[in-house]
$ cat start_20.txt   # compact mmCIF, C-alpha atoms
# COMPACT_ATOMS: atom_id res chain seq x y z
CA MET A 1 -18.27 -13.99 -24.69
CA THR A 2 -14.60 -14.91 -24.71
CA PRO A 3 -12.16 -15.50 -21.83
CA VAL A 4 -8.56 -14.29 -22.14
CA SER A 5 -5.62 -16.31 -20.85
CA ILE A 6 -2.10 -14.89 -20.52
CA ARG A 7 0.70 -17.30 -19.59
CA ALA A 8 4.32 -16.52 -18.64
CA VAL A 9 4.39 -13.41 -20.83
CA ALA A 10 7.63 -11.44 -20.82
CA LYS A 11 8.73 -8.40 -22.81
CA SER A 12 11.91 -6.33 -23.08
CA TYR A 13 12.46 -3.45 -25.49
CA ASP A 14 16.25 -3.33 -25.14
CA GLY A 15 17.01 -7.01 -24.65
CA THR A 16 18.12 -6.41 -21.05
CA THR A 17 15.45 -4.73 -18.93
CA ARG A 18 12.18 -6.62 -18.70
CA VAL A 19 9.17 -4.32 -18.98
CA LEU A 20 6.99 -7.36 -18.23
CA ASP A 21 8.33 -10.30 -16.28
CA GLY A 22 6.36 -13.56 -16.33
CA ILE A 23 2.75 -12.35 -16.39
CA ASP A 24 0.10 -15.00 -15.66
CA LEU A 25 -3.46 -13.76 -15.87
CA ASP A 26 -6.94 -15.18 -16.49
CA ILE A 27 -9.78 -12.85 -17.48
CA ALA A 28 -13.25 -14.35 -17.42
CA ALA A 29 -15.69 -14.16 -20.32
CA GLY A 30 -17.74 -10.96 -20.05
CA GLU A 31 -15.51 -9.51 -17.35
CA LEU A 32 -14.63 -5.80 -17.14
CA PHE A 33 -10.99 -6.18 -16.09
CA PHE A 34 -8.71 -3.28 -15.20
CA LEU A 35 -4.92 -3.03 -15.47
CA LEU A 36 -4.02 -0.37 -12.90
CA GLY A 37 -0.67 1.16 -12.09
CA GLY A 38 1.62 4.15 -12.35
CA SER A 39 3.80 5.19 -15.27
CA GLY A 40 6.28 2.52 -16.32
CA CYS A 41 4.55 -0.35 -14.52
CA GLY A 42 3.96 -2.29 -17.77
CA LYS A 43 0.17 -1.97 -18.09
CA THR A 44 0.19 -0.34 -21.54
CA THR A 45 2.77 -2.81 -22.81
CA LEU A 46 0.55 -5.67 -21.67
CA LEU A 47 -2.45 -4.14 -23.46
CA ARG A 48 -0.37 -3.72 -26.64
CA LEU A 49 0.65 -7.37 -26.43
CA VAL A 50 -2.98 -8.46 -26.12
CA ALA A 51 -3.83 -6.23 -29.09
CA GLY A 52 -1.03 -7.63 -31.23
CA PHE A 53 0.76 -4.31 -31.80
CA ILE A 54 3.90 -5.94 -30.37
CA THR A 55 4.88 -9.57 -29.73
CA PRO A 56 6.08 -11.07 -26.44
CA ASP A 57 9.62 -12.36 -25.97
CA ALA A 58 8.12 -15.34 -24.16
CA GLY A 59 4.72 -16.72 -23.20
CA THR A 60 1.33 -17.11 -24.84
CA ILE A 61 -1.93 -15.17 -25.17
CA ARG A 62 -5.19 -17.00 -25.84
CA PHE A 63 -8.70 -15.80 -26.64
CA GLY A 64 -10.78 -18.75 -25.53
CA GLU A 65 -9.18 -21.83 -27.10
CA ARG A 66 -7.43 -19.79 -29.82
CA ASP A 67 -3.74 -19.00 -29.43
CA VAL A 68 -3.39 -15.45 -30.79
CA THR A 69 0.23 -14.87 -29.74
CA GLY A 70 1.55 -14.72 -33.31
CA ILE A 71 -1.62 -13.51 -35.03
CA PRO A 72 -1.57 -9.95 -36.45
CA VAL A 73 -3.79 -7.32 -34.85
CA GLU A 74 -6.28 -7.17 -37.75
CA LYS A 75 -7.05 -10.89 -37.36
CA ARG A 76 -7.60 -10.96 -33.59
CA ASP A 77 -11.23 -9.81 -33.68
CA LEU A 78 -10.71 -6.86 -31.34
CA GLY A 79 -12.51 -3.63 -30.61
CA MET A 80 -10.31 -0.77 -29.41
CA VAL A 81 -10.97 2.58 -27.75
CA PHE A 82 -8.04 4.99 -27.51
CA GLN A 83 -7.28 8.07 -25.41
CA ASN A 84 -7.91 10.44 -28.33
CA TYR A 85 -10.92 8.43 -29.67
CA ALA A 86 -9.40 8.31 -33.22
CA LEU A 87 -12.67 9.43 -34.85
CA TRP A 88 -12.75 10.72 -38.44
CA PRO A 89 -13.94 14.35 -38.43
CA HIS A 90 -15.01 14.30 -42.10
CA LEU A 91 -17.49 11.46 -41.45
CA SER A 92 -20.82 11.59 -39.64
CA VAL A 93 -21.42 9.74 -36.39
CA SER A 94 -23.14 6.87 -38.21
CA GLU A 95 -20.39 6.70 -40.82
CA ASN A 96 -17.74 6.50 -38.10
CA ILE A 97 -19.57 3.66 -36.39
CA SER A 98 -20.20 1.87 -39.68
CA PHE A 99 -16.59 1.95 -40.86
CA GLY A 100 -15.50 -1.35 -39.27
CA LEU A 101 -18.57 -3.12 -40.65
CA GLU A 102 -17.80 -1.88 -44.17
CA MET A 103 -14.24 -3.18 -43.88
CA ARG A 104 -15.70 -6.58 -43.00
CA GLY A 105 -17.98 -6.58 -46.03
CA ILE A 106 -21.23 -6.48 -44.05
CA ALA A 107 -24.24 -5.85 -46.29
CA THR A 108 -25.81 -2.37 -46.24
CA ALA A 109 -29.08 -3.36 -44.56
CA GLU A 110 -27.28 -5.29 -41.84
CA ARG A 111 -24.83 -2.39 -41.33
CA THR A 112 -27.69 0.04 -40.87
CA ARG A 113 -29.42 -2.22 -38.37
CA ARG A 114 -26.28 -2.74 -36.31
CA VAL A 115 -25.33 0.95 -36.35
CA ASP A 116 -28.83 1.85 -35.14
CA GLU A 117 -28.52 -0.72 -32.34
CA ALA A 118 -25.12 0.66 -31.34
CA LEU A 119 -26.42 4.23 -31.31
CA GLU A 120 -29.31 3.17 -29.09
CA LEU A 121 -26.93 1.32 -26.75
CA VAL A 122 -24.79 4.43 -26.20
CA GLU A 123 -27.91 6.64 -26.01
CA LEU A 124 -27.13 8.65 -29.16
CA SER A 125 -30.04 7.49 -31.34
CA ASP A 126 -30.71 11.01 -32.65
CA PHE A 127 -27.06 11.86 -33.35
CA GLY A 128 -26.31 9.65 -36.38
CA ALA A 129 -26.22 12.47 -38.93
CA ARG A 130 -24.07 14.83 -36.85
CA ARG A 131 -20.42 15.59 -37.46
CA ILE A 132 -17.83 14.76 -34.83
CA ALA A 133 -17.00 18.44 -34.27
CA GLU A 134 -20.59 19.02 -33.16
CA LEU A 135 -20.26 16.60 -30.24
CA SER A 136 -19.07 17.11 -26.68
CA GLY A 137 -16.14 15.11 -25.34
CA GLY A 138 -18.46 12.68 -23.58
CA GLN A 139 -20.52 12.17 -26.74
CA GLN A 140 -17.36 11.53 -28.78
CA GLN A 141 -16.35 8.92 -26.23
CA ARG A 142 -19.70 7.18 -26.70
CA VAL A 143 -19.23 7.17 -30.47
CA ALA A 144 -15.79 5.60 -30.03
CA LEU A 145 -17.35 2.91 -27.83
CA ALA A 146 -20.15 2.30 -30.31
CA ARG A 147 -17.65 1.93 -33.17
CA ALA A 148 -15.63 -0.60 -31.16
CA ILE A 149 -18.65 -2.63 -30.03
CA VAL A 150 -20.66 -2.64 -33.28
CA ILE A 151 -18.30 -5.20 -34.87
CA LYS A 152 -19.12 -7.59 -32.01
CA PRO A 153 -15.47 -8.22 -31.07
CA GLN A 154 -14.24 -11.12 -29.00
CA VAL A 155 -12.35 -8.70 -26.75
CA LEU A 156 -12.66 -4.94 -26.20
CA LEU A 157 -9.50 -3.00 -25.26
CA LEU A 158 -9.69 0.44 -23.66
CA ASP A 159 -6.52 2.50 -23.26
CA GLU A 160 -7.13 5.26 -20.67
CA PRO A 161 -10.31 6.26 -22.53
CA LEU A 162 -11.33 8.99 -20.06
CA SER A 163 -8.00 10.78 -19.73
CA ASN A 164 -9.01 13.63 -22.10
CA LEU A 165 -12.25 14.42 -20.28
CA ASP A 166 -12.67 16.89 -17.42
CA ALA A 167 -13.22 15.58 -13.89
CA ARG A 168 -17.02 15.89 -13.99
CA LEU A 169 -17.33 14.05 -17.30
CA ARG A 170 -14.88 11.35 -16.22
CA GLN A 171 -17.02 10.60 -13.21
CA SER A 172 -20.25 10.32 -15.19
CA MET A 173 -18.66 8.29 -17.99
CA ARG A 174 -17.36 5.58 -15.62
CA SER A 175 -20.82 4.19 -15.02
CA GLU A 176 -21.71 4.63 -18.71
CA ILE A 177 -18.72 2.58 -19.85
CA ARG A 178 -19.63 -0.16 -17.39
CA ARG A 179 -23.27 -0.13 -18.50
CA ILE A 180 -22.34 -0.26 -22.19
CA CYS A 181 -19.79 -3.06 -21.79
CA LYS A 182 -22.21 -5.18 -19.77
CA ALA A 183 -25.10 -4.55 -22.17
CA ALA A 184 -22.88 -5.52 -25.11
CA GLY A 185 -21.78 -8.71 -23.32
CA VAL A 186 -18.13 -8.19 -24.22
CA THR A 187 -14.93 -9.14 -22.40
CA ALA A 188 -13.15 -5.84 -21.77
CA ILE A 189 -9.59 -5.02 -20.67
CA TYR A 190 -9.19 -1.44 -19.49
CA VAL A 191 -5.90 0.36 -18.76
CA THR A 192 -5.79 3.28 -16.34
CA HIS A 193 -3.59 4.99 -13.76
CA ASP A 194 -6.66 6.43 -12.00
CA ARG A 195 -7.44 4.42 -8.88
CA GLU A 196 -10.94 5.89 -8.44
CA GLU A 197 -11.78 4.97 -12.03
CA ALA A 198 -10.69 1.39 -11.40
CA LEU A 199 -12.28 0.99 -7.97
CA SER A 200 -15.64 2.40 -9.11
CA THR A 201 -15.93 0.56 -12.44
CA ALA A 202 -14.05 -2.76 -12.52
CA ASP A 203 -15.23 -6.29 -11.87
CA ARG A 204 -11.64 -7.11 -10.98
CA ILE A 205 -8.36 -5.20 -10.92
CA ALA A 206 -4.75 -6.22 -11.52
CA VAL A 207 -2.48 -3.75 -9.75
CA MET A 208 0.84 -3.65 -11.60
CA ALA A 209 4.26 -2.51 -10.40
CA GLY A 210 7.70 -3.01 -11.88
CA GLY A 211 6.49 -5.22 -14.71
CA LYS A 212 4.79 -7.67 -12.36
CA LEU A 213 1.29 -8.27 -11.01
CA ALA A 214 1.34 -6.94 -7.46
CA GLN A 215 -2.21 -8.11 -6.67
CA ILE A 216 -5.38 -9.26 -8.43
CA GLY A 217 -8.83 -9.05 -6.90
CA THR A 218 -12.15 -7.27 -6.78
CA PRO A 219 -12.04 -3.53 -6.02
CA ARG A 220 -13.04 -4.21 -2.42
CA GLU A 221 -10.45 -6.96 -1.98
CA VAL A 222 -7.48 -4.97 -3.25
CA TYR A 223 -8.50 -1.84 -1.34
CA GLU A 224 -9.45 -3.42 1.98
CA ARG A 225 -6.94 -6.29 1.92
CA PRO A 226 -3.86 -4.97 0.10
CA ALA A 227 -1.09 -7.53 -0.27
CA SER A 228 1.80 -5.08 0.03
CA THR A 229 2.76 -1.53 0.91
CA THR A 230 2.93 -0.80 -2.83
CA VAL A 231 -0.72 -1.77 -3.34
CA ALA A 232 -1.86 -0.16 -0.10
CA THR A 233 -0.36 3.24 -0.90
CA PHE A 234 -1.24 3.25 -4.59
CA LEU A 235 -4.93 2.58 -3.96
CA GLY A 236 -5.44 5.30 -1.36
CA GLU A 237 -4.34 6.95 1.84
CA ALA A 238 -2.87 4.44 4.27
CA ASN A 239 -1.45 4.59 7.78
CA LEU A 240 1.49 2.17 7.72
CA LEU A 241 3.00 1.09 11.03
CA THR A 242 5.88 -1.21 11.83
CA ALA A 243 4.69 -3.91 14.21
CA MET A 244 5.50 -7.26 15.75
CA ALA A 245 3.35 -10.38 15.85
CA HIS A 246 2.12 -10.71 19.43
CA GLY A 247 0.36 -14.07 19.18
CA ASN A 248 -3.35 -14.94 19.18
CA GLY A 249 -4.07 -12.65 16.24
CA MET A 250 -2.62 -9.58 17.94
CA VAL A 251 0.10 -7.12 16.87
CA ALA A 252 2.21 -4.78 18.96
CA CYS A 253 2.82 -1.38 17.36
CA ALA A 254 3.15 2.32 18.19
CA LEU A 255 -0.60 2.41 18.98
CA GLY A 256 -0.40 -0.44 21.50
CA VAL A 257 -1.43 -4.08 21.18
CA LEU A 258 -4.21 -4.39 18.60
CA PRO A 259 -6.24 -7.29 17.16
CA ALA A 260 -5.47 -7.65 13.46
CA VAL A 261 -6.17 -9.57 10.25
CA MET A 262 -3.15 -11.89 10.18
CA PRO A 263 -1.79 -13.90 7.24
CA GLU A 264 -1.34 -17.60 7.95
CA ARG A 265 1.84 -18.98 9.50
CA ILE A 266 3.09 -15.80 11.14
CA MET A 267 5.47 -16.59 13.98
CA THR A 268 5.14 -14.72 17.27
CA GLY A 269 7.80 -12.02 17.35
CA ALA A 270 7.96 -11.65 13.55
CA ALA A 271 8.46 -8.11 12.21
CA LEU A 272 5.40 -6.86 10.30
CA THR A 273 3.89 -3.87 8.56
CA VAL A 274 0.32 -2.96 9.43
CA CYS A 275 -2.06 -0.93 7.23
CA ILE A 276 -5.02 1.03 8.62
CA ARG A 277 -7.09 3.11 6.20
CA PRO A 278 -7.83 6.64 7.56
CA GLU A 279 -11.61 6.24 7.24
CA ARG A 280 -11.49 3.07 9.37
CA LEU A 281 -10.28 4.93 12.45
CA ARG A 282 -13.14 6.17 14.63
CA ILE A 283 -13.05 9.11 16.99
CA SER A 284 -15.07 8.06 20.03
CA THR A 285 -15.03 8.40 23.80
CA GLU A 286 -14.71 4.60 24.07
CA GLY A 287 -11.52 4.52 21.98
CA THR A 288 -8.41 2.93 23.44
CA ILE A 289 -5.89 4.95 21.41
CA ALA A 290 -5.18 8.43 22.79
CA GLY A 291 -3.97 11.27 20.58
CA THR A 292 -3.91 15.00 19.88
CA ILE A 293 -5.06 16.76 16.72
CA THR A 294 -2.07 18.55 15.17
CA ALA A 295 -3.48 19.45 11.73
CA GLN A 296 -6.82 19.55 9.98
CA SER A 297 -8.29 19.79 6.51
CA PHE A 298 -12.01 20.56 6.35
CA LEU A 299 -13.59 19.23 3.15
CA GLY A 300 -17.27 20.09 3.68
CA GLY A 301 -18.93 16.74 4.19
CA SER A 302 -15.78 15.26 5.66
CA ALA A 303 -12.53 16.25 7.35
CA ALA A 304 -9.01 14.84 7.38
CA TRP A 305 -7.32 15.12 10.78
CA THR A 306 -3.70 14.49 11.65
CA VAL A 307 -3.64 12.91 15.10
CA ARG A 308 -0.35 12.56 17.00
CA CYS A 309 -0.30 9.33 18.99
CA GLY A 310 2.93 9.23 20.96
CA GLU A 311 5.63 9.67 18.30
CA PHE A 312 3.40 8.60 15.41
CA ASP A 313 1.11 10.74 13.21
CA LEU A 314 -2.11 9.12 12.04
CA ARG A 315 -4.40 10.40 9.32
CA VAL A 316 -8.03 10.09 10.40
CA ASP A 317 -10.89 10.77 7.97
CA GLU A 318 -14.26 11.62 9.51
CA GLN A 319 -17.61 12.00 7.78
CA ALA A 320 -19.99 14.80 8.84
CA PRO A 321 -17.32 16.02 11.27
CA PRO A 322 -18.18 18.09 14.34
CA ALA A 323 -16.14 21.19 15.06
CA ARG A 324 -12.68 20.21 16.27
CA ALA A 325 -9.57 22.28 16.78
CA ILE A 326 -5.83 21.78 16.69
CA GLY A 327 -4.73 20.78 20.15
CA ASP A 328 -7.92 18.85 20.96
CA THR A 329 -7.35 15.51 22.66
CA VAL A 330 -9.26 12.63 21.08
CA ARG A 331 -9.58 8.89 21.49
CA LEU A 332 -9.54 6.52 18.55
CA SER A 333 -10.85 3.02 17.98
CA VAL A 334 -10.39 0.56 15.11
CA ALA A 335 -11.97 -2.82 14.41
CA ARG A 336 -9.90 -5.98 14.02
CA GLU A 337 -10.91 -6.38 10.36
CA ASP A 338 -9.48 -2.93 9.59
CA VAL A 339 -6.00 -3.62 11.00
CA VAL A 340 -4.46 -5.43 8.04
CA VAL A 341 -1.05 -7.10 8.23
CA LEU A 342 0.68 -6.81 4.85
CA ARG A 343 2.47 -9.80 3.36
CA SER A 344 5.25 -7.67 1.87
$ encode --input "start_20.txt" --output "structure tokens"
Amino acid sequence: MTPVSIRAVAKSYDGTTRVLDGIDLDIAAGELFFLLGGSGCGKTTLLRLVAGFITPDAGTIRFGERDVTGIPVEKRDLGMVFQNYALWPHLSVSENISFGLEMRGIATAERTRRVDEALELVELSDFGARRIAELSGGQQQRVALARAIVIKPQVLLLDEPLSNLDARLRQSMRSEIRRICKAAGVTAIYVTHDREEALSTADRIAVMAGGKLAQIGTPREVYERPASTTVATFLGEANLLTAMAHGNGMVACALGVLPAVMPERIMTGAALTVCIRPERLRISTEGTIAGTITAQSFLGGSAAWTVRCGEFDLRVDEQAPPARAIGDTVRLSVAREDVVVLRS
């Protein structure tokens, strides 16, 4: 397994506007690492730089101890899975998977053994003789993964591989991609704009915005402890409140004085922004925050309420909700660890 190191990488397509601006990133050997962000954030450009399709204006990219910055794509020892799978319809499943091995001059017996292993890994052992047109979208995705992994690459790159699947298939394929990558023991870099895909599948996530790394961490870290309003809002629903540091780990905001998770070296009286996730607010008779329900969205197993607290509207998500009505008065509570002061 191979670690990937990216140092001070910058890229501009027009010589003026930097699409990537000084990216520093370390990806551990065997890690399933996600580049997550909206359109234009630079995630695809970074993946293309790692692949060797384009070259950086500055900085270096290393696979282990090997500097691959100036090495052409065909010599980087990569496996790649694209949005459209790029499978050859005139070849069988086994022939598609075997193609990269043939290009490397692998002997026939060894090719057959490795193709059979790859088919077993993606749970398509009985599909080797089938044509691509006979497969479902999910099965085609597995073939694309098998073709990328069978060459035993140093690094596997996945460019929004689930974007062409319907919602049900996308959900089931997340766990399959994770299982296959871990079983193959490969370092994988995965680009997506889908936050649920990243949160449910990644070992770690780099949230990108404006050509920079906004935050890096495990799915739980970036969701529960966002570093900025950009990260907080991109990763899910967030109640954002202006506040003031009140001393002793407390903040004063529209909801009153609340205990909060405070960054270090915050001066009393400093202006802050506080993030509270909707599912972290609890409706209970012991709550200290009074409000009135002004809107509701019933979702079956859960409900999203809009609760007016003074002049501020909070979103409150409740699992297995009892019957509530617009106009009901409720009381809310929130734990200290769920009142997160953002650094920017």
$ residues_around --input "start_20.txt" --residues "Glu120 (chain A)" --least-positions-apart "5" --cutoff "12 Å" --atoms "all atoms listed in the file" --output "MDAnalysis selection string"
chainID A and resid 94 113:115 125:128 142:143 146 150 180 183:184
$ residues_around --input "start_20.txt" --residues "Ala252 (chain A)" --least-positions-apart "5" --cutoff "12 Å" --atoms "all atoms listed in the file" --output "ChimeraX atom specification"
/A:241-247,257-260,268-274,339,341
$ closest_residue --input "start_20.txt" --among "A:Gly70, A:Gly64, A:Pro56, A:Gly138" --to "Gln171 (chain A)" --atoms "only C-alpha atoms"
A:Gly138
$ residues_around --input "start_20.txt" --residues "Arg315 (chain A)" --least-positions-apart "3" --cutoff "10 Å" --atoms "all atoms listed in the file" --output "list of chain:residue names"
A:Glu237, A:Ala238, A:Asn239, A:Ile276, A:Arg277, A:Pro278, A:Glu279, A:Leu281, A:Ile293, A:Ala295, A:Gln296, A:Ala304, A:Trp305, A:Thr306, A:Val307, A:Arg308, A:Glu318
$ closest_residue --input "start_20.txt" --among "A:Leu20, A:Leu145, A:Leu124, A:Val4" --to "Asp67 (chain A)" --atoms "only C-alpha atoms"
A:Val4
$ closest_residue --input "start_20.txt" --among "A:Leu240, A:Ile205, A:Met250, A:Leu299" --to "Ile189 (chain A)" --atoms "only C-alpha atoms"
A:Ile205
$ residues_around --input "start_20.txt" --residues "Trp88 (chain A)" --least-positions-apart "5" --cutoff "12 Å" --atoms "only C-alpha atoms" --output "ChimeraX atom specification"
/A:93-99,131-133,140,143-144,147
$ axis_aligned_box --input "start_20.txt" --around "region 254-273 of chain A" --padding-each-side "3 Å" --output "lines of an AutoDock Vina configuration file"
center_x = 1.1
center_y = -8.3
center_z = 14.4
size_x = 20.7
size_y = 27.4
size_z = 20.3
$ residues_around --input "start_20.txt" --residues "Thr44 (chain A)" --least-positions-apart "6" --cutoff "9 Å" --atoms "only C-alpha atoms" --output "PyMOL selection string"
chain A and resi 35+159+191-192
$ closest_residue --input "start_20.txt" --among "A:Glu74, A:Thr16, A:Arg343, A:Asp194" --to "Ile266 (chain A)" --atoms "only C-alpha atoms"
A:Arg343
$ atom_distance --input "start_20.txt" --atom1 "CA of Ile54 (chain A)" --atom2 "CA of Glu197 (chain A)"
26.5 Å
$ atom_distance --input "start_20.txt" --atom1 "CA of Ile149 (chain A)" --atom2 "CA of Thr55 (chain A)"
24.5 Å
$ closest_residue --input "start_20.txt" --among "A:Lys212, A:Arg324, A:Arg265, A:Arg168" --to "Ala10 (chain A)" --atoms "all atoms listed in the file"
A:Lys212
$ atom_distance --input "start_20.txt" --atom1 "CA of Ala209 (chain A)" --atom2 "CA of Val9 (chain A)"
15.1 Å
$ closest_residue --input "start_20.txt" --among "A:Gln141, A:Gly287, A:Arg48, A:Glu65" --to "Leu87 (chain A)" --atoms "all atoms listed in the file"
A:Gln141
$ build_atoms --input "start_20.txt" --residues "region 88-110 of chain A" --atoms "N, CA, C and O atoms" --output "PDB file, in the frame of the given file"
ATOM      1  N   TRP A  88     -13.003   9.991 -37.201  1.00  0.00           N
ATOM      2  CA  TRP A  88     -12.750  10.720 -38.440  1.00  0.00           C
ATOM      3  C   TRP A  88     -13.674  11.939 -38.500  1.00  0.00           C
ATOM      4  O   TRP A  88     -14.898  11.801 -38.602  1.00  0.00           O
ATOM      5  N   PRO A  89     -13.098  13.136 -38.486  1.00  0.00           N
ATOM      6  CA  PRO A  89     -13.940  14.350 -38.430  1.00  0.00           C
ATOM      7  C   PRO A  89     -14.743  14.599 -39.697  1.00  0.00           C
ATOM      8  O   PRO A  89     -15.757  15.306 -39.662  1.00  0.00           O
ATOM      9  N   HIS A  90     -14.304  14.045 -40.837  1.00  0.00           N
ATOM     10  CA  HIS A  90     -15.010  14.300 -42.100  1.00  0.00           C
ATOM     11  C   HIS A  90     -16.206  13.364 -42.290  1.00  0.00           C
ATOM     12  O   HIS A  90     -16.971  13.530 -43.248  1.00  0.00           O
ATOM     13  N   LEU A  91     -16.368  12.388 -41.369  1.00  0.00           N
ATOM     14  CA  LEU A  91     -17.490  11.460 -41.450  1.00  0.00           C
ATOM     15  C   LEU A  91     -18.528  11.788 -40.375  1.00  0.00           C
ATOM     16  O   LEU A  91     -18.205  12.333 -39.323  1.00  0.00           O
ATOM     17  N   SER A  92     -19.767  11.423 -40.642  1.00  0.00           N
ATOM     18  CA  SER A  92     -20.820  11.590 -39.640  1.00  0.00           C
ATOM     19  C   SER A  92     -20.644  10.556 -38.535  1.00  0.00           C
ATOM     20  O   SER A  92     -19.828   9.629 -38.634  1.00  0.00           O
ATOM     21  N   VAL A  93     -21.433  10.708 -37.490  1.00  0.00           N
ATOM     22  CA  VAL A  93     -21.420   9.740 -36.390  1.00  0.00           C
ATOM     23  C   VAL A  93     -21.720   8.337 -36.907  1.00  0.00           C
ATOM     24  O   VAL A  93     -20.990   7.378 -36.622  1.00  0.00           O
ATOM     25  N   SER A  94     -22.775   8.199 -37.682  1.00  0.00           N
ATOM     26  CA  SER A  94     -23.140   6.870 -38.210  1.00  0.00           C
ATOM     27  C   SER A  94     -22.057   6.310 -39.113  1.00  0.00           C
ATOM     28  O   SER A  94     -21.753   5.107 -39.077  1.00  0.00           O
ATOM     29  N   GLU A  95     -21.446   7.164 -39.924  1.00  0.00           N
ATOM     30  CA  GLU A  95     -20.390   6.700 -40.820  1.00  0.00           C
ATOM     31  C   GLU A  95     -19.160   6.243 -40.040  1.00  0.00           C
ATOM     32  O   GLU A  95     -18.504   5.273 -40.419  1.00  0.00           O
ATOM     33  N   ASN A  96     -18.841   6.937 -38.959  1.00  0.00           N
ATOM     34  CA  ASN A  96     -17.740   6.500 -38.100  1.00  0.00           C
ATOM     35  C   ASN A  96     -18.010   5.125 -37.518  1.00  0.00           C
ATOM     36  O   ASN A  96     -17.146   4.246 -37.536  1.00  0.00           O
ATOM     37  N   ILE A  97     -19.222   4.939 -37.020  1.00  0.00           N
ATOM     38  CA  ILE A  97     -19.570   3.660 -36.390  1.00  0.00           C
ATOM     39  C   ILE A  97     -19.606   2.542 -37.422  1.00  0.00           C
ATOM     40  O   ILE A  97     -19.221   1.402 -37.145  1.00  0.00           O
ATOM     41  N   SER A  98     -20.030   2.872 -38.627  1.00  0.00           N
ATOM     42  CA  SER A  98     -20.200   1.870 -39.680  1.00  0.00           C
ATOM     43  C   SER A  98     -18.896   1.425 -40.317  1.00  0.00           C
ATOM     44  O   SER A  98     -18.849   0.383 -40.980  1.00  0.00           O
ATOM     45  N   PHE A  99     -17.834   2.167 -40.120  1.00  0.00           N
ATOM     46  CA  PHE A  99     -16.590   1.950 -40.860  1.00  0.00           C
ATOM     47  C   PHE A  99     -16.074   0.509 -40.725  1.00  0.00           C
ATOM     48  O   PHE A  99     -15.733  -0.144 -41.709  1.00  0.00           O
ATOM     49  N   GLY A 100     -16.003   0.005 -39.486  1.00  0.00           N
ATOM     50  CA  GLY A 100     -15.500  -1.350 -39.270  1.00  0.00           C
ATOM     51  C   GLY A 100     -16.361  -2.408 -39.926  1.00  0.00           C
ATOM     52  O   GLY A 100     -15.857  -3.442 -40.390  1.00  0.00           O
ATOM     53  N   LEU A 101     -17.664  -2.171 -39.999  1.00  0.00           N
ATOM     54  CA  LEU A 101     -18.570  -3.120 -40.650  1.00  0.00           C
ATOM     55  C   LEU A 101     -18.343  -3.129 -42.166  1.00  0.00           C
ATOM     56  O   LEU A 101     -18.380  -4.187 -42.797  1.00  0.00           O
ATOM     57  N   GLU A 102     -18.098  -1.943 -42.734  1.00  0.00           N
ATOM     58  CA  GLU A 102     -17.800  -1.880 -44.170  1.00  0.00           C
ATOM     59  C   GLU A 102     -16.529  -2.649 -44.497  1.00  0.00           C
ATOM     60  O   GLU A 102     -16.466  -3.364 -45.505  1.00  0.00           O
ATOM     61  N   MET A 103     -15.508  -2.491 -43.646  1.00  0.00           N
ATOM     62  CA  MET A 103     -14.240  -3.180 -43.880  1.00  0.00           C
ATOM     63  C   MET A 103     -14.415  -4.692 -43.818  1.00  0.00           C
ATOM     64  O   MET A 103     -13.623  -5.434 -44.408  1.00  0.00           O
ATOM     65  N   ARG A 104     -15.434  -5.144 -43.104  1.00  0.00           N
ATOM     66  CA  ARG A 104     -15.700  -6.580 -43.000  1.00  0.00           C
ATOM     67  C   ARG A 104     -16.683  -7.076 -44.058  1.00  0.00           C
ATOM     68  O   ARG A 104     -17.075  -8.241 -44.046  1.00  0.00           O
ATOM     69  N   GLY A 105     -17.102  -6.186 -44.931  1.00  0.00           N
ATOM     70  CA  GLY A 105     -17.980  -6.580 -46.030  1.00  0.00           C
ATOM     71  C   GLY A 105     -19.400  -6.859 -45.618  1.00  0.00           C
ATOM     72  O   GLY A 105     -20.123  -7.602 -46.304  1.00  0.00           O
ATOM     73  N   ILE A 106     -19.847  -6.274 -44.512  1.00  0.00           N
ATOM     74  CA  ILE A 106     -21.230  -6.480 -44.050  1.00  0.00           C
ATOM     75  C   ILE A 106     -22.184  -5.749 -44.994  1.00  0.00           C
ATOM     76  O   ILE A 106     -21.959  -4.596 -45.382  1.00  0.00           O
ATOM     77  N   ALA A 107     -23.268  -6.409 -45.357  1.00  0.00           N
ATOM     78  CA  ALA A 107     -24.240  -5.850 -46.290  1.00  0.00           C
ATOM     79  C   ALA A 107     -24.870  -4.568 -45.734  1.00  0.00           C
ATOM     80  O   ALA A 107     -24.965  -4.378 -44.520  1.00  0.00           O
ATOM     81  N   THR A 108     -25.323  -3.696 -46.634  1.00  0.00           N
ATOM     82  CA  THR A 108     -25.810  -2.370 -46.240  1.00  0.00           C
ATOM     83  C   THR A 108     -26.944  -2.435 -45.231  1.00  0.00           C
ATOM     84  O   THR A 108     -26.950  -1.714 -44.217  1.00  0.00           O
ATOM     85  N   ALA A 109     -27.929  -3.284 -45.470  1.00  0.00           N
ATOM     86  CA  ALA A 109     -29.080  -3.360 -44.560  1.00  0.00           C
ATOM     87  C   ALA A 109     -28.647  -3.811 -43.171  1.00  0.00           C
ATOM     88  O   ALA A 109     -29.115  -3.268 -42.156  1.00  0.00           O
ATOM     89  N   GLU A 110     -27.764  -4.793 -43.126  1.00  0.00           N
ATOM     90  CA  GLU A 110     -27.280  -5.290 -41.840  1.00  0.00           C
ATOM     91  C   GLU A 110     -26.429  -4.218 -41.146  1.00  0.00           C
ATOM     92  O   GLU A 110     -26.515  -4.047 -39.926  1.00  0.00           O
TER      93      GLU A 110
END
